[in-house]
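Worksheet for the structure shown next.
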Amino acid sequence: MSISPSPALVAIVSALLMSGIVALRYIATSGLFDWLTRRRMAALYIGKWPQIRREIGWSLLNCLIYGVPAGIVAWGWQARGWTQIYRDVHAWPLWVLPLSVLAFLILHDMWFYWTHRWMHAPRLFRAMHAVHHESRPPTAWAAMSFHPWEGLTGALVIPALVFVIPIHVGALAVVLTIMTVMGVTNHMGWEMFPRWMVQSRLGAWLITASHHQRHHERYLCNYGLYFRWWDRWCGTDKGLADW
């Protein structure tokens with residue numbers, strides 16, 4: 001007679017597994033752009049090892065925090081069918097694929113803008129967000145370097161959305177890839193996109209390293225994650241860094 005593991009044990013194992021996956025994704029992505037930065041602008045990393053070591057430490061702690069809701073979602077999807085994640089590409093019309101990606105990015109961006117701006121209130125900044133701004137300037141390892149309370153605000157939004165918005169598992173992978181790559185590249189200290197694109201009409205609505213670097217220079221501006229429209233609508237867009 002076989003004994004099935006308890007749902008709680010399965011959920012815990014799933015959470016630990018997802019934490020490991022998040023950590024590997026962070027190390028691979030940040031490591032790649034760290035390498036590119038060292039090849040392009042090695043002077044940015046002179047004397048930076050203590051800061052990078054601190055960034056990696058905070059980030060690995062947050063990988064564990066991000067892994068818990070992700071693991072619960074993975075378990076709920078596979079074992080319970082709780083989420084709106086689907087495998088069959090024909091389960092919904094094909095136009096749902098790009099629309100779901102855009103919906104996730106728009107809602108995540110809105111959540112990030114307002115929680116990020118909220119965390120710049122003096123008391124909350126000292127208690128939570130100051131950890132992230134200890135990186136002066138940030139490096140490619142800083143994208144997840146923040147206080148665990150801040151990590152919790154970021155870890156919940158994508159897992160929450162999969163319960164209400166239908167999304168193909170491949171489209172969800174696209175969302176997570178965009179989230180990871182933009183989080184890292186916006187902190188690496190140099191602009192990887194050509195100047196003509198950053199200063200084009202498209203660039204006027206998308207956040208790249210030039211826009212986010214201004215946030216790390218001036219603090220009370222440029223709060224967005226993917227898009228500049230909330231900053232523009234709310235008067236907090238202060239342009240691009242002077243590189």
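Identifiers for the structure tokens are assigned positionally: chains receive A, B, ... in sequence, residues are indexed from 1 per chain, and ligands are indexed from 1 in the order shown.
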- Shell of 9 Å around region 118-122 of chain A, only C-alpha atoms, local chain residues under 6 positions omitted, as a VMD selection string: chain A and resid 128 to 130 150 219 to 220
Those same residues - C-alpha atoms - I'd like them written as a short mmCIF file (atom, residue, chain, number, x, y, z; two decimals), in the first residue's frame.
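Saved as result_15.cif:
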data_model
loop_
_atom_site.label_atom_id
_atom_site.label_comp_id
_atom_site.auth_asym_id
_atom_site.auth_seq_id
_atom_site.Cartn_x
_atom_site.Cartn_y
_atom_site.Cartn_z
CA MET A 128 12.35 49.06 3.69
CA HIS A 129 13.52 50.73 0.49
CA ALA A 130 16.81 52.19 1.75
CA GLU A 150 9.84 45.02 -0.14
CA TYR A 219 15.20 59.28 -5.76
CA LEU A 220 11.80 61.06 -5.93
#
- All residues 6 Å or closer to Gly67 (chain A), only C-alpha atoms, same chain fewer than 2 positions away omitted, as a list in words: Ala15, Met18, Ser19, Cys63, Leu64, Ile65, Pro69, Ala70 and Gly71 of chain A
Within 7 Å of Gly224 (chain A) using only C-alpha atoms, minus same-chain residues under 6 positions, as a PDB file with C-alpha atoms, in the first residue's frame:
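Output saved as result.pdb:
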ATOM      1  CA  ASP A 109       3.744  48.036 -13.885  1.00  0.00           C
ATOM      2  CA  PHE A 112       5.106  48.476  -9.045  1.00  0.00           C
ATOM      3  CA  TYR A 113       4.734  52.219  -9.650  1.00  0.00           C
ATOM      4  CA  TRP A 230       2.346  56.478 -14.812  1.00  0.00           C
ATOM      5  CA  ASP A 231       5.347  58.748 -14.282  1.00  0.00           C
TER       6      ASP A 231
END
- Excluding region 93-95 of chain A and residues on its chain fewer than 4 positions from it, collect all residues at most 12 Å away from it, counting only C-alpha atoms, and give them as a PyMOL selection string. chain A and resi 88-89+99-102+166-168+171
Between region 68-145 of chain A and region 175-193 of chain A, at 9 Å or less, what are the per-residue closest atom pairs and their distances in Å? Count only C-alpha atoms, order by chain and rising residue number, and return it as a Markdown table.
| residue | atom | partner | partner_atom | distance |
| --- | --- | --- | --- | --- |
| A:Val101 | CA | A:Val175 | CA | 6.0 |
| A:Leu102 | CA | A:Val175 | CA | 8.5 |
| A:Phe104 | CA | A:Val175 | CA | 7.2 |
| A:Leu105 | CA | A:Val175 | CA | 7.0 |
| A:Pro137 | CA | A:Gly189 | CA | 7.1 |
| A:Pro138 | CA | A:His187 | CA | 5.6 |
| A:Thr139 | CA | A:Met188 | CA | 4.5 |
| A:Ala140 | CA | A:Met188 | CA | 4.2 |
| A:Trp141 | CA | A:Val184 | CA | 7.0 |
| A:Ala142 | CA | A:His187 | CA | 6.5 |
| A:Ala143 | CA | A:Val184 | CA | 5.1 |
| A:Met144 | CA | A:Gly183 | CA | 8.0 |
- Message: For a test of reading the model, state the distance in Å between CA of Trp149 (chain A) and CA of Ile207 (chain A), rounded to one decimal.
- Response: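 If I compute the distance from CA of Trp149 (chain A) to CA of Ile207 (chain A), I get 24.4 Å.
Here CA of Thr115 (chain A) is placed at a distance of 27.6 Å from CA of Gly170 (chain A).
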- Message: Let's see if you can do this: from backbone DSSP, list all helix (DSSP H, G or I) residues in region 5-234 of chain A, as a PyMOL selection string.
- Response: chain A and resi 7-40+42-45+49-80+96-118+122-133+148-155+157-161+169-185+195-198+209-218+229-234
For Arg136 (chain A), list every protein, DNA or RNA residue within 10 Å, evaluated using only C-alpha atoms, and leave out those in the same chain fewer than 6 positions away; present the list as a compact mmCIF listing (two decimals) with C-alpha atoms, in the first residue's frame.
# COMPACT_ATOMS: atom_id res chain seq x y z
CA LYS A 48 32.65 47.28 -6.16
CA GLN A 51 28.62 46.22 -2.75
CA GLY A 189 24.86 51.30 -15.13
CA HIS A 216 18.81 56.25 -8.47
CA GLU A 217 20.34 59.71 -8.90
- Message: Which residues are close to His108 (chain A), i.e. within 9 Å by only C-alpha atoms, leaving aside same-chain residues fewer than 4 positions away? Reply as number ranges by chain.
- Response: A: 103-104, 112-113, 154, 157-158, 161, 225-226
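Between Leu60 (chain A) and the candidates A:Arg25, A:Arg228, A:Arg126, A:His90, the tightest atom-to-atom separation, counting only C-alpha atoms, involves A:Arg25.
Across the structure, CA of Ala127 (chain A) and CA of Pro148 (chain A) are spaced 10.6 Å apart.
Counting only C-alpha atoms and comparing A:Trp233, A:Trp58, A:Phe227, A:Tyr66, the residue that lies closest to Ile106 (chain A) is A:Phe227.
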Name the residues of region 51-191 of chain A that come out as strand (DSSP E) in a backbone DSSP run; write them as an mmCIF file with N, CA and C atoms, in the first residue's frame.
data_model
loop_
_atom_site.group_PDB
_atom_site.id
_atom_site.type_symbol
_atom_site.label_atom_id
_atom_site.label_comp_id
_atom_site.auth_asym_id
_atom_site.auth_seq_id
_atom_site.Cartn_x
_atom_site.Cartn_y
_atom_site.Cartn_z
ATOM 1 N N ILE A 85 -3.861 29.325 -15.565
ATOM 2 C CA ILE A 85 -2.797 28.932 -16.490
ATOM 3 C C ILE A 85 -3.262 27.728 -17.304
ATOM 4 N N TYR A 86 -3.018 27.761 -18.610
ATOM 5 C CA TYR A 86 -3.433 26.635 -19.446
ATOM 6 C C TYR A 86 -2.305 26.210 -20.378
ATOM 7 N N ILE A 167 -3.853 32.705 -18.947
ATOM 8 C CA ILE A 167 -2.574 32.900 -19.614
ATOM 9 C C ILE A 167 -1.958 31.542 -19.943
ATOM 10 N N HIS A 168 -1.461 31.403 -21.156
ATOM 11 C CA HIS A 168 -0.792 30.172 -21.554
ATOM 12 C C HIS A 168 0.534 30.075 -20.813
#
